[in-house]
>>> print(open('data_31.csv').read())   # CSV, C-alpha atoms
chain,number,residue,atom,x,y,z
A,1,MET,CA,9.9,-99.7,-74.3
A,2,ASN,CA,11.8,-96.5,-73.5
A,3,LEU,CA,13.4,-95.7,-70.2
A,4,GLN,CA,11.7,-92.4,-69.6
A,5,ASN,CA,8.3,-94.1,-69.8
A,6,LEU,CA,9.4,-96.7,-67.2
A,7,ILE,CA,10.7,-94.0,-64.9
A,8,ASP,CA,7.5,-92.1,-65.2
A,9,LEU,CA,5.4,-95.2,-64.5
A,10,PHE,CA,7.4,-95.9,-61.4
A,11,ALA,CA,7.2,-92.4,-60.1
A,12,GLY,CA,3.5,-92.1,-60.8
A,13,PHE,CA,2.4,-95.3,-59.1
A,14,PHE,CA,4.9,-95.0,-56.3
A,15,LEU,CA,3.6,-91.6,-55.3
A,16,SER,CA,-0.1,-92.3,-55.7
A,17,ASN,CA,0.1,-95.4,-53.6
A,18,LEU,CA,2.5,-94.1,-50.9
A,19,LEU,CA,0.2,-91.2,-50.3
A,20,GLY,CA,-3.0,-93.2,-50.4
A,21,TYR,CA,-4.0,-94.1,-46.9
A,22,GLY,CA,-6.6,-96.7,-46.2
A,23,GLY,CA,-6.0,-99.4,-48.8
A,24,GLY,CA,-6.4,-99.6,-52.6
A,25,PRO,CA,-9.8,-97.8,-53.0
A,26,ALA,CA,-8.4,-94.8,-51.1
A,27,SER,CA,-5.7,-94.3,-53.6
A,28,ILE,CA,-7.9,-94.2,-56.7
A,29,PRO,CA,-8.3,-90.4,-56.7
A,30,LEU,CA,-4.5,-90.1,-56.4
A,31,MET,CA,-4.0,-92.6,-59.3
A,32,TYR,CA,-6.4,-90.6,-61.3
A,33,GLN,CA,-4.4,-87.4,-60.7
A,34,GLU,CA,-1.2,-89.1,-61.9
A,35,ILE,CA,-2.6,-91.2,-64.8
A,36,VAL,CA,-5.0,-88.7,-66.3
A,37,THR,CA,-4.1,-85.2,-65.2
A,38,HIS,CA,-0.3,-85.4,-64.9
A,39,TYR,CA,1.0,-87.9,-67.4
A,40,ARG,CA,-2.0,-88.1,-69.7
A,41,TRP,CA,-1.6,-91.9,-70.1
A,42,THR,CA,-5.4,-92.2,-70.6
A,43,ASN,CA,-8.3,-89.8,-70.8
A,44,ASP,CA,-11.4,-89.5,-68.5
A,45,THR,CA,-13.6,-91.9,-70.4
A,46,GLU,CA,-10.9,-94.6,-70.6
A,47,PHE,CA,-10.2,-94.2,-66.9
A,48,SER,CA,-13.8,-94.7,-65.9
A,49,ASN,CA,-13.9,-97.8,-68.2
A,50,LEU,CA,-10.9,-99.0,-66.3
A,51,LEU,CA,-12.6,-98.5,-63.0
A,52,ALA,CA,-15.8,-100.2,-64.2
A,53,LEU,CA,-13.9,-103.2,-65.3
A,54,GLY,CA,-11.7,-103.1,-62.2
A,55,ASN,CA,-14.7,-103.2,-60.0
A,56,THR,CA,-16.2,-106.0,-62.0
A,57,LEU,CA,-13.2,-108.3,-61.5
A,58,PRO,CA,-12.1,-109.6,-58.2
A,59,GLY,CA,-8.9,-108.8,-56.4
A,60,PRO,CA,-7.2,-105.6,-55.2
A,61,ILE,CA,-8.2,-102.6,-57.3
A,62,ALA,CA,-4.9,-100.6,-57.2
A,63,THR,CA,-2.9,-103.4,-58.7
A,64,LYS,CA,-5.4,-104.1,-61.5
A,65,ILE,CA,-5.2,-100.4,-62.6
A,66,ALA,CA,-1.4,-100.3,-62.3
A,67,ALA,CA,-1.1,-103.5,-64.4
A,68,PHE,CA,-3.4,-102.2,-67.1
A,69,VAL,CA,-1.9,-98.7,-67.4
A,70,GLY,CA,1.6,-100.0,-67.3
A,71,PHE,CA,0.9,-102.5,-70.0
A,72,ASP,CA,-0.8,-99.9,-72.1
A,73,VAL,CA,2.1,-97.5,-71.8
A,74,ALA,CA,5.1,-99.9,-72.1
A,75,GLY,CA,4.0,-103.5,-72.6
A,76,ILE,CA,4.8,-106.3,-70.1
A,77,GLY,CA,7.8,-104.4,-68.7
A,78,GLY,CA,5.7,-101.4,-68.1
A,79,ALA,CA,3.1,-103.5,-66.3
A,80,LEU,CA,5.8,-105.0,-64.1
A,81,VAL,CA,7.3,-101.6,-63.2
A,82,ALA,CA,3.9,-100.1,-62.3
A,83,LEU,CA,3.1,-103.2,-60.1
A,84,VAL,CA,6.4,-103.1,-58.3
A,85,ALA,CA,6.0,-99.3,-57.6
A,86,THR,CA,2.5,-100.0,-56.3
A,87,VAL,CA,3.1,-102.9,-53.9
A,88,VAL,CA,6.8,-103.1,-53.0
A,89,PRO,CA,7.4,-99.9,-51.0
A,90,SER,CA,4.4,-100.4,-48.6
A,91,ALA,CA,5.1,-104.2,-48.3
A,92,VAL,CA,8.8,-103.5,-47.3
A,93,LEU,CA,7.7,-100.9,-44.8
A,94,LEU,CA,5.3,-103.3,-43.1
A,95,ILE,CA,7.8,-106.2,-42.9
A,96,VAL,CA,10.5,-103.9,-41.4
A,97,LEU,CA,8.1,-102.4,-38.8
A,98,LEU,CA,6.7,-105.8,-37.8
A,99,ARG,CA,10.2,-107.3,-37.4
A,100,LEU,CA,11.1,-104.4,-35.2
A,101,MET,CA,8.0,-104.9,-33.0
A,102,ALA,CA,8.6,-108.7,-32.8
A,103,LYS,CA,12.1,-107.9,-31.4
A,104,TYR,CA,10.6,-105.9,-28.6
A,105,ARG,CA,7.6,-108.1,-28.1
A,106,HIS,CA,7.9,-108.4,-24.4
A,107,SER,CA,8.4,-104.7,-23.6
A,108,PRO,CA,5.3,-103.1,-21.9
A,109,VAL,CA,5.4,-100.4,-24.6
A,110,VAL,CA,4.8,-102.9,-27.5
A,111,LYS,CA,2.4,-104.9,-25.4
A,112,GLY,CA,0.3,-101.8,-24.7
A,113,MET,CA,0.4,-100.8,-28.4
A,114,THR,CA,-0.9,-104.1,-29.6
A,115,LEU,CA,-3.6,-104.1,-26.9
A,116,LEU,CA,-4.9,-100.6,-27.5
A,117,VAL,CA,-5.1,-101.0,-31.3
A,118,GLN,CA,-7.7,-103.7,-31.0
A,119,PRO,CA,-10.7,-101.5,-30.2
A,120,VAL,CA,-9.9,-99.3,-33.2
A,121,ILE,CA,-9.7,-102.3,-35.6
A,122,ALA,CA,-12.9,-103.7,-34.2
A,123,VAL,CA,-14.7,-100.4,-34.7
A,124,MET,CA,-13.2,-100.1,-38.2
A,125,MET,CA,-14.5,-103.6,-39.1
A,126,ILE,CA,-17.9,-102.8,-37.7
A,127,LEU,CA,-18.1,-99.6,-39.9
A,128,LEU,CA,-16.9,-101.6,-42.9
A,129,THR,CA,-19.6,-104.3,-42.2
A,130,TRP,CA,-22.2,-101.6,-41.9
A,131,GLN,CA,-21.2,-100.1,-45.2
A,132,MET,CA,-21.0,-103.4,-47.1
A,133,GLY,CA,-24.4,-104.4,-45.6
A,134,ARG,CA,-26.0,-101.1,-46.8
A,135,THR,CA,-24.6,-101.5,-50.3
A,136,SER,CA,-25.9,-105.0,-50.6
A,137,ILE,CA,-29.3,-104.0,-49.4
A,138,GLU,CA,-29.3,-101.2,-52.0
A,139,ALA,CA,-28.3,-103.7,-54.7
A,140,LEU,CA,-30.6,-106.6,-53.8
A,141,GLY,CA,-33.3,-105.3,-51.5
A,142,TRP,CA,-34.0,-106.5,-47.9
A,143,TRP,CA,-35.8,-109.6,-49.0
A,144,GLN,CA,-32.8,-111.0,-50.8
A,145,ALA,CA,-29.8,-109.5,-48.9
A,146,ILE,CA,-30.9,-110.7,-45.4
A,147,PRO,CA,-31.6,-114.3,-46.3
A,148,ILE,CA,-28.3,-114.6,-48.2
A,149,ALA,CA,-26.5,-113.1,-45.3
A,150,ALA,CA,-28.3,-115.4,-42.8
A,151,ILE,CA,-27.5,-118.5,-44.9
A,152,ALA,CA,-23.9,-117.4,-45.3
A,153,LEU,CA,-23.5,-116.9,-41.6
A,154,TRP,CA,-25.0,-120.3,-40.9
A,155,ALA,CA,-22.9,-122.1,-43.5
A,156,MET,CA,-19.6,-120.5,-42.4
A,157,GLU,CA,-20.0,-120.4,-38.6
A,158,LYS,CA,-22.3,-123.4,-37.8
A,159,ARG,CA,-21.5,-125.8,-40.6
A,160,LYS,CA,-17.8,-124.5,-41.0
A,161,ILE,CA,-18.1,-124.6,-44.8
A,162,HIS,CA,-15.1,-123.0,-46.5
A,163,PRO,CA,-15.8,-119.3,-47.3
A,164,ALA,CA,-14.6,-119.8,-50.9
A,165,LEU,CA,-17.4,-122.3,-51.4
A,166,VAL,CA,-20.0,-120.0,-49.9
A,167,ILE,CA,-18.8,-117.2,-52.3
A,168,LEU,CA,-19.0,-119.5,-55.3
A,169,CYS,CA,-22.6,-120.5,-54.3
A,170,ALA,CA,-23.4,-116.8,-54.1
A,171,PHE,CA,-21.9,-116.2,-57.6
A,172,VAL,CA,-24.1,-119.0,-59.0
A,173,TYR,CA,-27.2,-117.6,-57.3
A,174,GLY,CA,-26.3,-114.1,-58.5
A,175,GLY,CA,-25.7,-115.2,-62.1
A,176,LEU,CA,-28.7,-117.4,-62.5
A,177,VAL,CA,-31.4,-115.9,-60.3
A,178,VAL,CA,-30.8,-112.2,-59.7
A,179,PRO,CA,-31.0,-111.1,-63.3
A,180,HIS,CA,-34.4,-112.6,-63.7
A,181,ILE,CA,-36.0,-110.9,-60.7
B,1,MET,CA,13.5,-130.7,-46.0
B,2,GLU,CA,13.4,-129.7,-49.7
B,3,GLY,CA,10.0,-131.3,-50.2
B,4,HIS,CA,8.5,-129.6,-47.2
B,5,SER,CA,9.8,-126.2,-48.2
B,6,ALA,CA,8.5,-126.5,-51.7
B,7,LYS,CA,5.1,-127.4,-50.2
B,8,LYS,CA,5.1,-124.1,-48.3
B,9,TYR,CA,5.5,-122.1,-51.5
B,10,VAL,CA,2.6,-124.1,-53.1
B,11,GLN,CA,0.5,-123.5,-50.0
B,12,LEU,CA,1.3,-119.8,-50.1
B,13,ALA,CA,0.5,-119.5,-53.8
B,14,TRP,CA,-2.7,-121.5,-53.6
B,15,ALA,CA,-4.0,-119.6,-50.5
B,16,MET,CA,-3.2,-116.2,-51.9
B,17,SER,CA,-4.5,-116.8,-55.4
B,18,LYS,CA,-7.8,-118.1,-53.9
B,19,THR,CA,-8.1,-114.9,-51.8
B,20,GLY,CA,-7.2,-112.8,-54.8
B,21,VAL,CA,-9.8,-114.4,-57.1
B,22,LEU,CA,-12.6,-114.6,-54.6
B,23,GLY,CA,-12.2,-111.2,-53.0
B,24,TYR,CA,-14.7,-108.6,-54.2
B,25,GLY,CA,-14.8,-104.9,-53.4
B,26,GLY,CA,-11.2,-104.1,-53.2
B,27,GLY,CA,-8.5,-104.8,-50.6
B,28,PRO,CA,-10.4,-104.3,-47.2
B,29,SER,CA,-13.2,-106.8,-48.1
B,30,VAL,CA,-10.6,-109.5,-48.8
B,31,ILE,CA,-9.2,-109.4,-45.3
B,32,PRO,CA,-11.6,-112.0,-43.8
B,33,LEU,CA,-10.6,-114.4,-46.6
B,34,ILE,CA,-6.9,-113.8,-45.9
B,35,ARG,CA,-7.6,-114.3,-42.2
B,36,HIS,CA,-9.4,-117.6,-42.9
B,37,GLU,CA,-6.4,-118.9,-44.9
B,38,ALA,CA,-3.7,-117.6,-42.6
B,39,VAL,CA,-5.3,-118.4,-39.2
B,40,SER,CA,-7.9,-121.1,-39.7
B,41,ALA,CA,-6.8,-123.1,-42.7
B,42,TYR,CA,-3.0,-123.1,-42.6
B,43,ARG,CA,-2.3,-121.8,-39.1
B,44,TRP,CA,0.6,-119.6,-40.1
B,45,MET,CA,-0.2,-117.3,-37.2
B,46,ASP,CA,-2.7,-117.0,-34.4
B,47,ASP,CA,-5.5,-114.4,-34.3
B,48,ASP,CA,-3.6,-112.1,-32.0
B,49,GLU,CA,-0.7,-111.8,-34.5
B,50,PHE,CA,-3.1,-111.4,-37.4
B,51,GLY,CA,-4.9,-108.6,-35.7
B,52,GLU,CA,-1.6,-106.9,-34.8
B,53,THR,CA,-0.4,-107.2,-38.4
B,54,LEU,CA,-3.6,-105.9,-39.7
B,55,ALA,CA,-3.4,-102.9,-37.4
B,56,ILE,CA,0.1,-102.0,-38.4
B,57,ALA,CA,-0.8,-102.6,-42.1
B,58,ASN,CA,-3.7,-100.2,-41.8
B,59,ALA,CA,-1.5,-97.6,-40.3
B,60,LEU,CA,0.8,-97.7,-43.3
B,61,PRO,CA,0.0,-96.3,-46.7
B,62,GLY,CA,-0.5,-98.4,-49.9
B,63,PRO,CA,-2.9,-101.2,-50.8
B,64,ILE,CA,-3.8,-103.3,-47.8
B,65,ALA,CA,-4.3,-106.8,-49.3
B,66,THR,CA,-0.8,-106.9,-50.9
B,67,LYS,CA,0.8,-105.7,-47.7
B,68,MET,CA,-0.9,-108.6,-45.8
B,69,ALA,CA,0.1,-111.1,-48.5
B,70,ALA,CA,3.7,-109.8,-48.5
B,71,TYR,CA,4.0,-110.2,-44.7
B,72,LEU,CA,2.5,-113.6,-44.6
B,73,GLY,CA,4.8,-114.8,-47.4
B,74,TYR,CA,7.8,-113.2,-45.7
B,75,ARG,CA,7.0,-114.7,-42.3
B,76,GLU,CA,6.8,-118.2,-43.8
B,77,LYS,CA,9.5,-118.1,-46.5
B,78,GLY,CA,11.4,-114.8,-46.4
B,79,VAL,CA,11.7,-112.5,-49.4
B,80,LEU,CA,11.0,-115.1,-52.0
B,81,GLY,CA,7.9,-116.2,-50.0
B,82,ALA,CA,6.7,-112.6,-50.0
B,83,ILE,CA,7.2,-112.3,-53.8
B,84,VAL,CA,5.3,-115.6,-54.4
B,85,ALA,CA,2.4,-114.5,-52.1
B,86,ILE,CA,2.0,-111.1,-53.7
B,87,LEU,CA,2.2,-112.5,-57.3
B,88,ALA,CA,-0.3,-115.2,-56.6
B,89,HIS,CA,-2.6,-112.7,-55.1
B,90,ILE,CA,-2.5,-110.1,-57.8
B,91,LEU,CA,-1.6,-111.8,-61.1
B,92,PRO,CA,-4.8,-113.6,-62.0
B,93,SER,CA,-6.9,-110.4,-61.7
B,94,CYS,CA,-4.2,-108.3,-63.4
B,95,VAL,CA,-4.0,-110.6,-66.4
B,96,ALA,CA,-7.8,-110.7,-66.6
B,97,MET,CA,-7.9,-106.9,-66.5
B,98,ILE,CA,-5.5,-106.6,-69.5
B,99,ALA,CA,-7.2,-109.3,-71.4
B,100,LEU,CA,-10.8,-108.2,-70.8
B,101,LEU,CA,-10.6,-104.5,-71.3
B,102,SER,CA,-12.1,-104.8,-74.8
B,103,PHE,CA,-15.2,-106.4,-73.3
B,104,VAL,CA,-15.6,-103.7,-70.6
B,105,ASN,CA,-18.9,-102.5,-72.0
B,106,PHE,CA,-20.3,-106.0,-72.2
B,107,LEU,CA,-19.2,-106.9,-68.7
B,108,SER,CA,-20.2,-103.9,-66.8
B,109,HIS,CA,-23.7,-103.9,-68.4
B,110,SER,CA,-24.2,-107.7,-68.3
B,111,PRO,CA,-27.1,-108.4,-65.8
B,112,VAL,CA,-25.5,-111.8,-65.0
B,113,VAL,CA,-22.2,-110.2,-64.0
B,114,GLN,CA,-24.0,-107.5,-62.0
B,115,GLY,CA,-26.1,-110.1,-60.3
B,116,MET,CA,-23.1,-112.1,-59.3
B,117,ILE,CA,-21.4,-109.1,-57.8
B,118,ALA,CA,-24.5,-108.1,-55.9
B,119,ALA,CA,-25.1,-111.6,-54.5
B,120,VAL,CA,-21.6,-111.8,-53.1
B,121,MET,CA,-21.9,-108.6,-51.1
B,122,PRO,CA,-24.1,-109.9,-48.3
B,123,VAL,CA,-21.6,-112.8,-47.9
B,124,ILE,CA,-18.7,-110.4,-47.6
B,125,ALA,CA,-20.7,-108.3,-45.1
B,126,VAL,CA,-21.2,-111.4,-42.9
B,127,MET,CA,-17.5,-112.2,-43.0
B,128,LEU,CA,-16.6,-108.7,-42.0
B,129,GLY,CA,-19.2,-108.8,-39.3
B,130,VAL,CA,-17.9,-112.0,-37.8
B,131,MET,CA,-14.3,-110.6,-37.9
B,132,ALA,CA,-15.5,-107.4,-36.1
B,133,TYR,CA,-17.1,-109.6,-33.4
B,134,GLU,CA,-14.0,-111.6,-32.9
B,135,PHE,CA,-11.8,-108.5,-32.6
B,136,ALA,CA,-14.2,-106.9,-30.2
B,137,LYS,CA,-14.2,-110.1,-28.1
B,138,LYS,CA,-10.4,-110.1,-28.0
B,139,ALA,CA,-10.3,-106.4,-27.0
B,140,TYR,CA,-12.8,-107.2,-24.3
B,141,GLN,CA,-10.6,-110.0,-22.9
B,142,GLY,CA,-7.5,-107.9,-23.0
B,143,LEU,CA,-8.8,-104.6,-21.7
B,144,GLY,CA,-11.7,-105.5,-19.5
B,145,ARG,CA,-15.3,-104.3,-19.7
B,146,TRP,CA,-15.3,-100.6,-19.0
B,147,MET,CA,-12.1,-99.8,-20.8
B,148,VAL,CA,-13.2,-101.6,-23.9
B,149,VAL,CA,-16.4,-99.6,-24.0
B,150,VAL,CA,-14.6,-96.3,-23.5
B,151,PHE,CA,-12.0,-97.0,-26.1
B,152,CYS,CA,-14.5,-98.3,-28.7
B,153,ALA,CA,-16.6,-95.3,-28.1
B,154,ILE,CA,-13.6,-93.0,-28.6
B,155,SER,CA,-12.6,-94.8,-31.8
B,156,PHE,CA,-16.2,-94.6,-33.1
B,157,LEU,CA,-16.3,-90.9,-32.4
B,158,LEU,CA,-13.0,-90.2,-34.1
B,159,LEU,CA,-13.6,-92.5,-37.1
B,160,GLN,CA,-17.2,-91.8,-37.8
B,161,VAL,CA,-18.4,-88.6,-36.0
B,162,VAL,CA,-15.5,-86.3,-36.3
B,163,PRO,CA,-14.2,-88.0,-38.8
B,164,ILE,CA,-10.5,-88.4,-38.7
B,165,HIS,CA,-8.6,-90.5,-41.1
B,166,PRO,CA,-8.3,-94.2,-39.9
B,167,ALA,CA,-4.5,-94.2,-40.2
B,168,ILE,CA,-4.3,-91.2,-37.8
B,169,VAL,CA,-6.7,-92.8,-35.3
B,170,ILE,CA,-4.6,-96.0,-35.3
B,171,VAL,CA,-1.4,-93.9,-34.8
B,172,LEU,CA,-3.0,-92.1,-31.9
B,173,PHE,CA,-4.1,-95.3,-30.2
B,174,LEU,CA,-0.6,-96.8,-30.8
B,175,ALA,CA,0.9,-93.8,-29.2
B,176,TYR,CA,-1.3,-94.0,-26.2
B,177,GLY,CA,-0.8,-97.8,-26.0
B,178,ALA,CA,2.9,-97.2,-25.7
B,179,VAL,CA,2.4,-95.5,-22.3
B,180,HIS,CA,-0.7,-97.5,-21.3
B,181,TYR,CA,1.0,-99.9,-18.9
B,182,ARG,CA,3.1,-97.2,-17.3
B,183,LEU,CA,0.0,-95.1,-16.8
B,184,LEU,CA,-1.9,-98.0,-15.3
B,185,GLY,CA,1.1,-98.7,-13.0
B,186,LYS,CA,1.1,-95.0,-11.8
B,187,LEU,CA,-2.6,-95.1,-11.2
B,188,LYS,CA,-2.3,-98.3,-9.1
B,189,ASN,CA,0.5,-96.8,-7.1
B,190,LYS,CA,-1.7,-93.8,-6.3
B,191,ALA,CA,-4.6,-96.0,-5.3
B,192,GLY,CA,-2.2,-97.9,-3.1
B,193,GLY,CA,-1.8,-94.7,-1.1
B,194,GLU,CA,1.9,-93.8,-1.8
B,195,ALA,CA,3.2,-96.8,0.0
B,196,SER,CA,6.8,-95.8,-0.5
>>> encode(input="data_31.csv", output="C-alpha cells")
Amino acid sequence: MNLQNLIDLFAGFFLSNLLGYGGGPASIPLMYQEIVTHYRWTNDTEFSNLLALGNTLPGPIATKIAAFVGFDVAGIGGALVALVATVVPSAVLLIVLLRLMAKYRHSPVVKGMTLLVQPVIAVMMILLTWQMGRTSIEALGWWQAIPIAAIALWAMEKRKIHPALVILCAFVYGGLVVPHI
Amino acid sequence: MEGHSAKKYVQLAWAMSKTGVLGYGGGPSVIPLIRHEAVSAYRWMDDDEFGETLAIANALPGPIATKMAAYLGYREKGVLGAIVAILAHILPSCVAMIALLSFVNFLSHSPVVQGMIAAVMPVIAVMLGVMAYEFAKKAYQGLGRWMVVVFCAISFLLLQVVPIHPAIVIVLFLAYGAVHYRLLGKLKNKAGGEAS
C-alpha cells in the first residue's frame, strides 16, 4: 500500500463526486474520466464490467465503484480512502448547511426558501417516476408492469405493508416467473 | 440512558442497511425507502423536514443517498451516528461488489437476476409516484392553488423543456424563496392602497 496510490485515490474520487451534481449516477462519467482516462486504474472493458455488476447489485452506485477500484489499487486501505473521498465531503457540507438553516428557522427568508423548494422537488419526483415507469414498461411490457405497479400501490398505501416486503415479493416474482415468459 | 442510546445506533444501522440492500437503480430511487424509515417507521423527523433536507441535499454535489444517511445519523446521534448510518447503508453492497466481480458475466447475463431487477422497477416507480404526490400536496397547502400551479409549471419548464441542471433550478428557487415573503408583503401593501 504506497502513499502515492492513496493520495491519488483520494484526489480522484474527491473530484469526481464533488463535481457530480444530481446524485451517484450523474457522477459516473466523471468517475470514468478519473479511473480510466487519467489514472488508468482499469481499462474500458473492466470499467463497463464494473458498471454492469454495480447496476445488478442494490445500493448507491458511486460507492460500489469507489470500493471496488480502491480495493483493486491498494487493498482494504485503498477501498476505505476511496469511500471516504466519495461520501464525506458532501455529507459534511449538507450537515453544516442544514444546521445553519435550523438556526434561522423562524426567519421569513429561510421559511420562504423551504416553501419555494417544494414545487421543484415535486416536479423532480414526478419526472423520476415517469422515467422509472417507462424503463419498467420497456423491460417487462405493459401487461406485467402495470399489474405489478397496481398491486404494489395497493399493498403499500391501502394495506400499509412495509415497502421492503413488497420489494422482496417483486424479487421472487422476477426471479421465478419473468425468465420463463 | 446507555441502553436507549445503543438502541438508536442499532435502529440507525438496521434502517440504513435495509434501504441500502433493497434500493435498486442508484441513489435517487432509494429516497422513498429512506423516507419510509425516517418518517413513517422511526419518526426521526416529519415530512416537512425530510422534504427540506432532500431539497438541500439535491442542491449539493455528491451521491444523494449517502448524504441523506449522513444527515439522519448526525441528527440522531452526532458524528458517530452519521458514520454508522453511512457504513450501514453502503457496506453490504460494497463488499458484495468486491466479492462478486469474478461472477460479473454470470450475473449480468443471468435471466433470473435480470428478471428480479425488472420486476422491482414498477414497485420503485410507484414509491416515487406516491412521494411526488405527497410533495405536491404539501406545496399546495403551503402556497395555495394558483401559486403552486405557476411554480410547478416553471420548474417543469426549467427541468424538462429547457433543460437546466436540477441543482441550478433548486438554487434559483431557493434564491427566490429568500425574498418571497418580503415580496408578498410589498404586494399586499400596494393592494392596501399605500395606507401609510
>>> residues_around(input="data_31.csv", residues="region 173-175 of chain B", least_positions_apart="4", cutoff="7 Å", atoms="all atoms listed in the file", output="list in words")
Met113, Leu116 and Val117 of chain A; Val169 of chain B
>>> residues_near_point(input="data_31.csv", point="(5.6, -101.0, -46.4)", cutoff="8 Å", atoms="only C-alpha atoms", output="tab-separated table (two decimals) with C-alpha atoms, keeping the file's coordinate frame")
chain	number	residue	atom	x	y	z
A	88	VAL	CA	6.80	-103.10	-53.00
A	89	PRO	CA	7.40	-99.90	-51.00
A	90	SER	CA	4.40	-100.40	-48.60
A	91	ALA	CA	5.10	-104.20	-48.30
A	92	VAL	CA	8.80	-103.50	-47.30
A	93	LEU	CA	7.70	-100.90	-44.80
A	94	LEU	CA	5.30	-103.30	-43.10
A	95	ILE	CA	7.80	-106.20	-42.90
A	96	VAL	CA	10.50	-103.90	-41.40
B	57	ALA	CA	-0.80	-102.60	-42.10
B	60	LEU	CA	0.80	-97.70	-43.30
B	61	PRO	CA	0.00	-96.30	-46.70
B	62	GLY	CA	-0.50	-98.40	-49.90
B	67	LYS	CA	0.80	-105.70	-47.70
>>> residues_near_point(input="data_31.csv", point="(-19.5, -106.0, -34.1)", cutoff="8 Å", atoms="all atoms listed in the file", output="PDB file with C-alpha atoms, in the coordinates of the input")
ATOM      1  CA  ALA A 122     -12.900-103.700 -34.200  1.00  0.00           C
ATOM      2  CA  VAL A 123     -14.700-100.400 -34.700  1.00  0.00           C
ATOM      3  CA  MET A 125     -14.500-103.600 -39.100  1.00  0.00           C
ATOM      4  CA  ILE A 126     -17.900-102.800 -37.700  1.00  0.00           C
TER       5      ILE A 126
ATOM      6  CA  GLY B 129     -19.200-108.800 -39.300  1.00  0.00           C
ATOM      7  CA  VAL B 130     -17.900-112.000 -37.800  1.00  0.00           C
ATOM      8  CA  MET B 131     -14.300-110.600 -37.900  1.00  0.00           C
ATOM      9  CA  ALA B 132     -15.500-107.400 -36.100  1.00  0.00           C
ATOM     10  CA  TYR B 133     -17.100-109.600 -33.400  1.00  0.00           C
ATOM     11  CA  GLU B 134     -14.000-111.600 -32.900  1.00  0.00           C
ATOM     12  CA  ALA B 136     -14.200-106.900 -30.200  1.00  0.00           C
TER      13      ALA B 136
END
>>> interface_residues(input="data_31.csv", of="chain B", to="chain A", cutoff="6 Å", atoms="all atoms listed in the file", output="PDB file with C-alpha atoms, in the coordinates of the input")
ATOM      1  CA  GLY B  20      -7.200-112.800 -54.800  1.00  0.00           C
ATOM      2  CA  VAL B  21      -9.800-114.400 -57.100  1.00  0.00           C
ATOM      3  CA  GLY B  23     -12.200-111.200 -53.000  1.00  0.00           C
ATOM      4  CA  TYR B  24     -14.700-108.600 -54.200  1.00  0.00           C
ATOM      5  CA  GLY B  26     -11.200-104.100 -53.200  1.00  0.00           C
ATOM      6  CA  GLY B  27      -8.500-104.800 -50.600  1.00  0.00           C
ATOM      7  CA  GLU B  52      -1.600-106.900 -34.800  1.00  0.00           C
ATOM      8  CA  PRO B  61       0.000 -96.300 -46.700  1.00  0.00           C
ATOM      9  CA  GLY B  62      -0.500 -98.400 -49.900  1.00  0.00           C
ATOM     10  CA  PRO B  63      -2.900-101.200 -50.800  1.00  0.00           C
ATOM     11  CA  ILE B  64      -3.800-103.300 -47.800  1.00  0.00           C
ATOM     12  CA  LYS B  67       0.800-105.700 -47.700  1.00  0.00           C
ATOM     13  CA  ALA B  70       3.700-109.800 -48.500  1.00  0.00           C
ATOM     14  CA  TYR B  71       4.000-110.200 -44.700  1.00  0.00           C
ATOM     15  CA  SER B  93      -6.900-110.400 -61.700  1.00  0.00           C
ATOM     16  CA  CYS B  94      -4.200-108.300 -63.400  1.00  0.00           C
ATOM     17  CA  ILE B  98      -5.500-106.600 -69.500  1.00  0.00           C
ATOM     18  CA  VAL B 104     -15.600-103.700 -70.600  1.00  0.00           C
ATOM     19  CA  PRO B 111     -27.100-108.400 -65.800  1.00  0.00           C
ATOM     20  CA  VAL B 112     -25.500-111.800 -65.000  1.00  0.00           C
ATOM     21  CA  GLY B 115     -26.100-110.100 -60.300  1.00  0.00           C
ATOM     22  CA  MET B 116     -23.100-112.100 -59.300  1.00  0.00           C
ATOM     23  CA  ALA B 118     -24.500-108.100 -55.900  1.00  0.00           C
ATOM     24  CA  ALA B 119     -25.100-111.600 -54.500  1.00  0.00           C
ATOM     25  CA  VAL B 120     -21.600-111.800 -53.100  1.00  0.00           C
ATOM     26  CA  MET B 121     -21.900-108.600 -51.100  1.00  0.00           C
ATOM     27  CA  PRO B 122     -24.100-109.900 -48.300  1.00  0.00           C
ATOM     28  CA  VAL B 123     -21.600-112.800 -47.900  1.00  0.00           C
ATOM     29  CA  ALA B 125     -20.700-108.300 -45.100  1.00  0.00           C
ATOM     30  CA  LEU B 128     -16.600-108.700 -42.000  1.00  0.00           C
ATOM     31  CA  GLY B 129     -19.200-108.800 -39.300  1.00  0.00           C
ATOM     32  CA  ALA B 132     -15.500-107.400 -36.100  1.00  0.00           C
ATOM     33  CA  PHE B 135     -11.800-108.500 -32.600  1.00  0.00           C
ATOM     34  CA  ALA B 136     -14.200-106.900 -30.200  1.00  0.00           C
ATOM     35  CA  ALA B 139     -10.300-106.400 -27.000  1.00  0.00           C
ATOM     36  CA  CYS B 152     -14.500 -98.300 -28.700  1.00  0.00           C
ATOM     37  CA  SER B 155     -12.600 -94.800 -31.800  1.00  0.00           C
ATOM     38  CA  PHE B 173      -4.100 -95.300 -30.200  1.00  0.00           C
ATOM     39  CA  LEU B 174      -0.600 -96.800 -30.800  1.00  0.00           C
ATOM     40  CA  GLY B 177      -0.800 -97.800 -26.000  1.00  0.00           C
ATOM     41  CA  ALA B 178       2.900 -97.200 -25.700  1.00  0.00           C
ATOM     42  CA  HIS B 180      -0.700 -97.500 -21.300  1.00  0.00           C
TER      43      HIS B 180
END
>>> atom_distance(input="data_31.csv", atom1="CA of Leu184 (chain B)", atom2="CA of Val149 (chain B)")
17.0 Å
>>> atom_distance(input="data_31.csv", atom1="CA of Ser48 (chain A)", atom2="CA of Ile7 (chain A)")
24.5 Å
>>> residues_around(input="data_31.csv", residues="Lys77 (chain B)", least_positions_apart="2", cutoff="12 Å", atoms="all atoms listed in the file", output="count of residues only")
25
>>> atom_distance(input="data_31.csv", atom1="CA of Leu33 (chain B)", atom2="CA of Met68 (chain B)")
11.3 Å
